[in-house]
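Peer 1: Next comes coords_22.pdb, PDB, C-alpha atoms, pLDDT in the B column:
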ATOM      1  CA  MET A   1     -17.975  57.361 107.582  1.00 38.00           C
ATOM      2  CA  ALA A   2     -19.822  60.303 106.045  1.00 45.00           C
ATOM      3  CA  VAL A   3     -21.041  63.251 108.055  1.00 44.00           C
ATOM      4  CA  ALA A   4     -24.619  62.621 109.182  1.00 46.00           C
ATOM      5  CA  GLU A   5     -27.297  64.326 107.145  1.00 55.00           C
ATOM      6  CA  THR A   6     -30.234  64.178 109.565  1.00 58.00           C
ATOM      7  CA  HIS A   7     -30.958  64.230 113.284  1.00 53.00           C
ATOM      8  CA  GLN A   8     -31.854  60.571 113.403  1.00 62.00           C
ATOM      9  CA  GLU A   9     -28.858  59.540 111.323  1.00 64.00           C
ATOM     10  CA  ALA A  10     -26.528  61.451 113.662  1.00 60.00           C
ATOM     11  CA  ALA A  11     -28.060  59.862 116.747  1.00 67.00           C
ATOM     12  CA  SER A  12     -29.140  56.363 115.761  1.00 72.00           C
ATOM     13  CA  SER A  13     -25.759  54.665 115.829  1.00 72.00           C
ATOM     14  CA  HIS A  14     -25.127  55.873 119.406  1.00 74.00           C
ATOM     15  CA  ILE A  15     -28.425  54.888 121.015  1.00 81.00           C
ATOM     16  CA  SER A  16     -29.041  51.412 122.384  1.00 81.00           C
ATOM     17  CA  ASP A  17     -32.273  49.499 121.915  1.00 82.00           C
ATOM     18  CA  SER A  18     -33.143  50.026 125.584  1.00 85.00           C
ATOM     19  CA  GLU A  19     -33.024  53.817 125.231  1.00 87.00           C
ATOM     20  CA  LYS A  20     -35.897  56.009 124.101  1.00 87.00           C
ATOM     21  CA  THR A  21     -35.115  59.185 122.193  1.00 85.00           C
ATOM     22  CA  LYS A  22     -37.019  62.081 123.740  1.00 87.00           C
ATOM     23  CA  ALA A  23     -35.674  65.068 121.784  1.00 87.00           C
ATOM     24  CA  VAL A  24     -33.095  65.799 119.095  1.00 87.00           C
ATOM     25  CA  HIS A  25     -31.736  69.124 117.849  1.00 85.00           C
ATOM     26  CA  ARG A  26     -29.285  69.474 114.979  1.00 85.00           C
ATOM     27  CA  PHE A  27     -27.457  72.788 114.724  1.00 86.00           C
ATOM     28  CA  PRO A  28     -26.566  74.332 111.348  1.00 85.00           C
ATOM     29  CA  ASP A  29     -22.859  73.716 112.064  1.00 83.00           C
ATOM     30  CA  ASN A  30     -23.348  69.900 112.238  1.00 81.00           C
ATOM     31  CA  ARG A  31     -23.542  69.615 116.015  1.00 85.00           C
ATOM     32  CA  THR A  32     -26.374  67.492 117.383  1.00 87.00           C
ATOM     33  CA  LEU A  33     -27.849  67.202 120.871  1.00 88.00           C
ATOM     34  CA  VAL A  34     -29.858  64.096 121.683  1.00 89.00           C
ATOM     35  CA  VAL A  35     -31.888  63.565 124.855  1.00 89.00           C
ATOM     36  CA  THR A  36     -32.776  59.994 125.672  1.00 88.00           C
ATOM     37  CA  ASN A  37     -34.329  58.572 128.803  1.00 89.00           C
ATOM     38  CA  GLN A  38     -30.790  57.651 129.973  1.00 89.00           C
ATOM     39  CA  ARG A  39     -28.308  60.111 128.462  1.00 89.00           C
ATOM     40  CA  LEU A  40     -27.597  63.449 126.857  1.00 89.00           C
ATOM     41  CA  LEU A  41     -25.453  63.007 123.753  1.00 89.00           C
ATOM     42  CA  ARG A  42     -23.357  65.786 122.212  1.00 88.00           C
ATOM     43  CA  ILE A  43     -22.402  64.788 118.697  1.00 87.00           C
ATOM     44  CA  ASN A  44     -20.032  66.863 116.585  1.00 84.00           C
ATOM     45  CA  ASP A  45     -19.546  66.098 112.901  1.00 81.00           C
ATOM     46  CA  TRP A  46     -16.974  67.835 110.754  1.00 79.00           C
ATOM     47  CA  GLU A  47     -14.928  67.255 107.669  1.00 80.00           C
ATOM     48  CA  ASN A  48     -11.351  68.008 106.834  1.00 79.00           C
ATOM     49  CA  ARG A  49      -9.420  67.339 103.639  1.00 79.00           C
ATOM     50  CA  GLU A  50      -8.562  63.741 104.365  1.00 80.00           C
ATOM     51  CA  GLN A  51     -11.485  62.424 106.396  1.00 83.00           C
ATOM     52  CA  ASP A  52     -14.853  62.880 108.014  1.00 82.00           C
ATOM     53  CA  ILE A  53     -14.711  63.111 111.803  1.00 82.00           C
ATOM     54  CA  GLN A  54     -17.362  62.547 114.448  1.00 81.00           C
ATOM     55  CA  SER A  55     -16.984  62.955 118.194  1.00 82.00           C
ATOM     56  CA  VAL A  56     -19.617  61.843 120.675  1.00 84.00           C
ATOM     57  CA  GLU A  57     -19.854  62.867 124.310  1.00 85.00           C
ATOM     58  CA  SER A  58     -22.283  60.896 126.444  1.00 85.00           C
ATOM     59  CA  ILE A  59     -23.519  62.355 129.736  1.00 87.00           C
ATOM     60  CA  ARG A  60     -25.698  60.134 131.910  1.00 88.00           C
ATOM     61  CA  ILE A  61     -28.937  61.864 132.955  1.00 88.00           C
ATOM     62  CA  PRO A  62     -28.374  61.098 136.675  1.00 89.00           C
ATOM     63  CA  SER A  63     -25.031  62.966 136.499  1.00 88.00           C
ATOM     64  CA  ILE A  64     -26.769  66.160 135.330  1.00 87.00           C
ATOM     65  CA  SER A  65     -27.327  68.196 138.469  1.00 87.00           C
ATOM     66  CA  GLY A  66     -29.339  70.955 136.847  1.00 86.00           C
ATOM     67  CA  VAL A  67     -30.528  72.689 133.705  1.00 88.00           C
ATOM     68  CA  LYS A  68     -31.057  76.436 133.545  1.00 89.00           C
ATOM     69  CA  VAL A  69     -33.165  77.588 130.597  1.00 89.00           C
ATOM     70  CA  THR A  70     -33.294  81.308 129.813  1.00 89.00           C
ATOM     71  CA  SER A  71     -35.476  82.687 127.006  1.00 88.00           C
ATOM     72  CA  TYR A  72     -34.567  85.982 125.393  1.00 88.00           C
ATOM     73  CA  GLY A  73     -37.130  87.858 123.308  1.00 88.00           C
ATOM     74  CA  PRO A  74     -36.311  89.711 120.103  1.00 87.00           C
ATOM     75  CA  GLU A  75     -34.101  92.782 120.271  1.00 85.00           C
ATOM     76  CA  SER A  76     -35.582  96.124 119.331  1.00 91.00           C
ATOM     77  CA  VAL A  77     -34.199  98.387 116.637  1.00 92.00           C
ATOM     78  CA  ASP A  78     -31.234 100.486 117.821  1.00 92.00           C
ATOM     79  CA  ALA A  79     -32.632 104.035 117.915  1.00 94.00           C
ATOM     80  CA  ASP A  80     -29.208 105.603 118.591  1.00 95.00           C
ATOM     81  CA  LYS A  81     -27.812 104.163 115.369  1.00 94.00           C
ATOM     82  CA  LEU A  82     -30.850 105.433 113.467  1.00 95.00           C
ATOM     83  CA  GLU A  83     -30.267 108.932 114.914  1.00 95.00           C
ATOM     84  CA  ASN A  84     -26.619 108.758 113.851  1.00 94.00           C
ATOM     85  CA  ALA A  85     -27.707 107.664 110.377  1.00 95.00           C
ATOM     86  CA  ALA A  86     -30.097 110.622 110.124  1.00 95.00           C
ATOM     87  CA  VAL A  87     -27.348 113.075 111.071  1.00 95.00           C
ATOM     88  CA  LEU A  88     -24.930 111.482 108.618  1.00 95.00           C
ATOM     89  CA  GLY A  89     -27.596 111.597 105.893  1.00 94.00           C
ATOM     90  CA  PHE A  90     -28.156 115.300 106.538  1.00 94.00           C
ATOM     91  CA  VAL A  91     -24.389 115.939 106.412  1.00 94.00           C
ATOM     92  CA  ALA A  92     -24.196 113.969 103.168  1.00 94.00           C
ATOM     93  CA  LEU A  93     -26.951 116.058 101.570  1.00 93.00           C
ATOM     94  CA  ILE A  94     -25.315 119.330 102.566  1.00 92.00           C
ATOM     95  CA  ALA A  95     -21.865 118.182 101.400  1.00 91.00           C
ATOM     96  CA  LEU A  96     -23.191 116.910  98.059  1.00 90.00           C
ATOM     97  CA  PHE A  97     -25.295 119.977  97.283  1.00 89.00           C
ATOM     98  CA  LEU A  98     -22.773 122.546  98.523  1.00 87.00           C
ATOM     99  CA  PRO A  99     -20.836 122.641  95.208  1.00 86.00           C
ATOM    100  CA  VAL A 100     -24.125 122.999  93.308  1.00 84.00           C
ATOM    101  CA  VAL A 101     -25.426 125.853  95.452  1.00 85.00           C
ATOM    102  CA  ILE A 102     -22.118 127.728  95.696  1.00 85.00           C
ATOM    103  CA  SER A 103     -20.732 127.543  92.188  1.00 81.00           C
ATOM    104  CA  SER A 104     -17.776 129.819  93.048  1.00 85.00           C
ATOM    105  CA  LEU A 105     -16.099 127.143  95.227  1.00 82.00           C
ATOM    106  CA  PRO A 106     -12.622 126.118  94.085  1.00 89.00           C
ATOM    107  CA  GLN A 107     -12.589 122.750  92.305  1.00 88.00           C
ATOM    108  CA  GLU A 108     -10.564 121.105  95.110  1.00 88.00           C
ATOM    109  CA  VAL A 109     -13.091 122.172  97.751  1.00 88.00           C
ATOM    110  CA  SER A 110     -15.962 120.946  95.586  1.00 88.00           C
ATOM    111  CA  LEU A 111     -14.254 117.579  95.126  1.00 90.00           C
ATOM    112  CA  LEU A 112     -13.608 117.248  98.864  1.00 91.00           C
ATOM    113  CA  SER A 113     -17.219 118.160  99.563  1.00 91.00           C
ATOM    114  CA  VAL A 114     -18.491 115.461  97.192  1.00 92.00           C
ATOM    115  CA  ILE A 115     -16.126 112.862  98.711  1.00 94.00           C
ATOM    116  CA  ALA A 116     -17.221 113.834 102.238  1.00 93.00           C
ATOM    117  CA  GLY A 117     -20.870 113.651 101.175  1.00 93.00           C
ATOM    118  CA  LEU A 118     -20.472 110.198  99.639  1.00 95.00           C
ATOM    119  CA  GLY A 119     -18.556 108.950 102.672  1.00 95.00           C
ATOM    120  CA  SER A 120     -21.175 110.285 105.085  1.00 94.00           C
ATOM    121  CA  GLY A 121     -23.955 108.770 102.999  1.00 94.00           C
ATOM    122  CA  ILE A 122     -22.312 105.354 102.893  1.00 96.00           C
ATOM    123  CA  ILE A 123     -21.583 105.360 106.631  1.00 96.00           C
ATOM    124  CA  GLY A 124     -25.160 106.515 107.318  1.00 94.00           C
ATOM    125  CA  ALA A 125     -26.572 103.681 105.184  1.00 95.00           C
ATOM    126  CA  LEU A 126     -24.392 101.166 107.048  1.00 96.00           C
ATOM    127  CA  GLN A 127     -25.686 102.572 110.354  1.00 95.00           C
ATOM    128  CA  VAL A 128     -29.279 101.983 109.203  1.00 95.00           C
ATOM    129  CA  LEU A 129     -28.467  98.383 108.234  1.00 95.00           C
ATOM    130  CA  ASP A 130     -26.730  97.814 111.560  1.00 93.00           C
ATOM    131  CA  ALA A 131     -29.649  99.331 113.508  1.00 93.00           C
ATOM    132  CA  TYR A 132     -32.056  96.806 111.995  1.00 92.00           C
ATOM    133  CA  ASP A 133     -29.666  93.837 112.331  1.00 90.00           C
ATOM    134  CA  THR A 134     -31.175  92.541 115.546  1.00 85.00           C
ATOM    135  CA  ASP A 135     -31.421  89.173 117.264  1.00 81.00           C
ATOM    136  CA  ASP A 136     -34.785  87.455 116.770  1.00 83.00           C
ATOM    137  CA  GLY A 137     -34.493  86.050 120.261  1.00 87.00           C
ATOM    138  CA  HIS A 138     -32.982  82.816 121.513  1.00 88.00           C
ATOM    139  CA  ILE A 139     -32.917  80.296 124.308  1.00 90.00           C
ATOM    140  CA  THR A 140     -29.814  79.634 126.366  1.00 89.00           C
ATOM    141  CA  MET A 141     -29.516  76.321 128.170  1.00 89.00           C
ATOM    142  CA  ASN A 142     -26.866  75.924 130.851  1.00 88.00           C
ATOM    143  CA  ILE A 143     -26.312  72.271 131.700  1.00 88.00           C
ATOM    144  CA  TYR A 144     -24.643  71.571 135.044  1.00 88.00           C
ATOM    145  CA  THR A 145     -23.147  68.180 135.860  1.00 87.00           C
ATOM    146  CA  ASP A 146     -21.592  66.507 138.872  1.00 85.00           C
ATOM    147  CA  SER A 147     -18.225  67.227 137.242  1.00 78.00           C
ATOM    148  CA  GLU A 148     -17.566  70.885 136.429  1.00 72.00           C
ATOM    149  CA  LYS A 149     -15.439  69.684 133.495  1.00 73.00           C
ATOM    150  CA  THR A 150     -18.555  68.699 131.580  1.00 72.00           C
ATOM    151  CA  ASP A 151     -20.713  71.787 132.317  1.00 84.00           C
ATOM    152  CA  PHE A 152     -21.657  73.547 129.094  1.00 86.00           C
ATOM    153  CA  SER A 153     -24.058  76.041 127.534  1.00 86.00           C
ATOM    154  CA  VAL A 154     -26.079  75.801 124.358  1.00 86.00           C
ATOM    155  CA  ARG A 155     -27.865  78.510 122.398  1.00 87.00           C
ATOM    156  CA  LEU A 156     -31.064  77.481 120.617  1.00 88.00           C
ATOM    157  CA  PRO A 157     -33.512  79.322 118.355  1.00 87.00           C
ATOM    158  CA  PRO A 158     -36.837  80.290 119.979  1.00 87.00           C
ATOM    159  CA  SER A 159     -38.596  77.564 117.986  1.00 85.00           C
ATOM    160  CA  LYS A 160     -36.703  74.912 119.990  1.00 85.00           C
ATOM    161  CA  ALA A 161     -38.276  75.665 123.371  1.00 86.00           C
ATOM    162  CA  GLY A 162     -39.717  72.142 123.320  1.00 87.00           C
ATOM    163  CA  PHE A 163     -36.222  70.651 123.219  1.00 87.00           C
ATOM    164  CA  ALA A 164     -35.167  72.680 126.269  1.00 88.00           C
ATOM    165  CA  SER A 165     -38.347  71.696 128.105  1.00 87.00           C
ATOM    166  CA  LYS A 166     -37.865  68.010 127.289  1.00 86.00           C
ATOM    167  CA  LEU A 167     -34.279  68.049 128.584  1.00 88.00           C
ATOM    168  CA  SER A 168     -35.273  69.872 131.759  1.00 86.00           C
ATOM    169  CA  GLU A 169     -38.198  67.478 132.327  1.00 87.00           C
ATOM    170  CA  THR A 170     -35.995  64.411 131.724  1.00 87.00           C
ATOM    171  CA  VAL A 171     -33.374  65.639 134.197  1.00 86.00           C
ATOM    172  CA  ALA A 172     -36.029  66.522 136.796  1.00 85.00           C
ATOM    173  CA  ASN A 173     -37.560  63.052 136.506  1.00 81.00           C
ATOM    174  CA  GLY A 174     -34.143  61.390 136.545  1.00 73.00           C
ATOM    175  CA  GLN A 175     -34.954  59.551 133.326  1.00 58.00           C
TER     176      GLN A 175
END
Would you mind giving the structure from this file in structure tokens?

Peer 2:
Amino acid sequence: MAVAETHQEAASSHISDSEKTKAVHRFPDNRTLVVTNQRLLRINDWENREQDIQSVESIRIPSISGVKVTSYGPESVDADKLENAAVLGFVALIALFLPVVISSLPQEVSLLSVIAGLGSGIIGALQVLDAYDTDDGHITMNIYTDSEKTDFSVRLPPSKAGFASKLSETVANGQ
């Protein structure tokens, strides 16, 4: 058995002819969620050195007691990290130009100043990168079942709001 390549391939062998697929989402890490009119399937595909492995968990829709869907918007840029980066950049400029401005500094002090300037500059640049490394937003779905052992949460990209809506609607309608 090879690891499934597509949503439909991952789901098709686990869905009976009497079931209707309502929504499918395949995660980048080869997990797939499938909502049918009767069940929620959690399919995990992975490979190891010797074999391909697939596990399937089937949860009947009537056993799902609730679905909580929370949408999170995009994060804003971290202004504190940008302020830190500005301070570190200023320190880097002073430390790098200090040996140029004061030519009478001992060679060891000049070398330490250049090293401190480069270090501050690098750390400041990393702070800028980190400040702009923000979450584009996401959707969290908490699925509650009659058995607490099968409760789980899923994080989806904002573009998959339709999947979350379809699951919630299917559970609310009991089908």

Peer 1: Where does the PyMOL selection byres ((chain A and resi 172) around 10) land in this file, that is, which residues does it pick, as a list in words?

Peer 2: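 Taken on the displayed file, the PyMOL selection byres ((chain A and resi 172) around 10) yields the residues Ile61, Pro62, Ile64, Ser65, Gly66, Val67, Lys166, Leu167, Ser168, Glu169, Thr170, Val171, Asn173, Gly174 and Gln175 of chain A.
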
Peer 1: Selection in question (the file shown): the PyMOL selection byres ((chain A and resi 115) around 12). Which residues does it include, as number ranges by chain?

Peer 2: A: 91-99, 108-114, 116-122

Peer 1: Could you list, as a PyMOL selection string, every residue within 9 Å of A:Glu75, counting only C-alpha atoms and ignoring same-chain residues fewer than 3 positions away?

Peer 2: chain A and resi 72+78+134-137

Peer 1: Please indicate the distance in Å from atom CA of A:Asp133 to atom CA of A:Val77, rounded to one decimal place.

Peer 2: 7.7 Å

Peer 1: Would you mind telling me which residue in A:Ala131, A:Lys81, A:Ile59, A:Val87 lies nearest to A:Lys149 when using all atoms listed in the file?

Peer 2: A:Ile59

Peer 1: For A:Ser16, work out the shell of residues within 12 Å, counting all atoms listed in the file and skipping chain neighbours fewer than 2 positions away, then give it as a JSON list (two decimals) with C-alpha atoms, in the coordinates of the input.

Peer 2:
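Writing the result to selection_9.json gives the following:
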[["chain", "number", "residue", "atom", "x", "y", "z"],
["A", 11, "ALA", "CA", -28.06, 59.86, 116.75],
["A", 12, "SER", "CA", -29.14, 56.36, 115.76],
["A", 13, "SER", "CA", -25.76, 54.66, 115.83],
["A", 14, "HIS", "CA", -25.13, 55.87, 119.41],
["A", 18, "SER", "CA", -33.14, 50.03, 125.58],
["A", 19, "GLU", "CA", -33.02, 53.82, 125.23],
["A", 20, "LYS", "CA", -35.90, 56.01, 124.10],
["A", 21, "THR", "CA", -35.12, 59.18, 122.19],
["A", 36, "THR", "CA", -32.78, 59.99, 125.67],
["A", 37, "ASN", "CA", -34.33, 58.57, 128.80],
["A", 38, "GLN", "CA", -30.79, 57.65, 129.97],
["A", 39, "ARG", "CA", -28.31, 60.11, 128.46]]

Peer 1: Compare A:Val56, A:Leu33, A:Leu105, A:Leu126 by their minimum atom-to-atom distance to A:Gly89, counting all atoms listed in the file, and give me the closest one.

Peer 2: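 Smallest separation from A:Gly89 among the options: A:Leu126.
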
Peer 1: Go through A:Leu82, A:Met141, A:Ala164, A:Val100 and flag the residue nearest A:Leu129, using all atoms listed in the file for the distances.

Peer 2: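 Distance minimum relative to A:Leu129 lands on A:Leu82.
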
Peer 1: One number please: atom CA of A:Ile43 to atom CA of A:Arg31, in Å, one decimal.

Peer 2: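 These two atoms are separated by 5.6 Å.
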
Peer 1: With 8 Å of padding per side, what axis-aligned box (centre and edge lengths, Å, one decimal) covers all the listed atoms of stretch 140-159 of chain A? Give it as lines of an AutoDock Vina configuration file.

Peer 2:
center_x = -27.0
center_y = 73.4
center_z = 128.4
size_x = 39.2
size_y = 29.8
size_z = 36.9

Peer 1: If you measure from atom CA of A:Ser103 to atom CA of A:Leu88, what distance in Å do you get, rounded to one decimal?

Peer 2: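 Computing the Euclidean distance for atom CA of A:Ser103 and atom CA of A:Leu88 yields 23.4 Å.
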
Peer 1: Care to translate the PyMOL selection byres ((chain A and resi 69) around 6) into actual residues of this file, as a ChimeraX atom specification?

Peer 2: /A:68,70,140-141
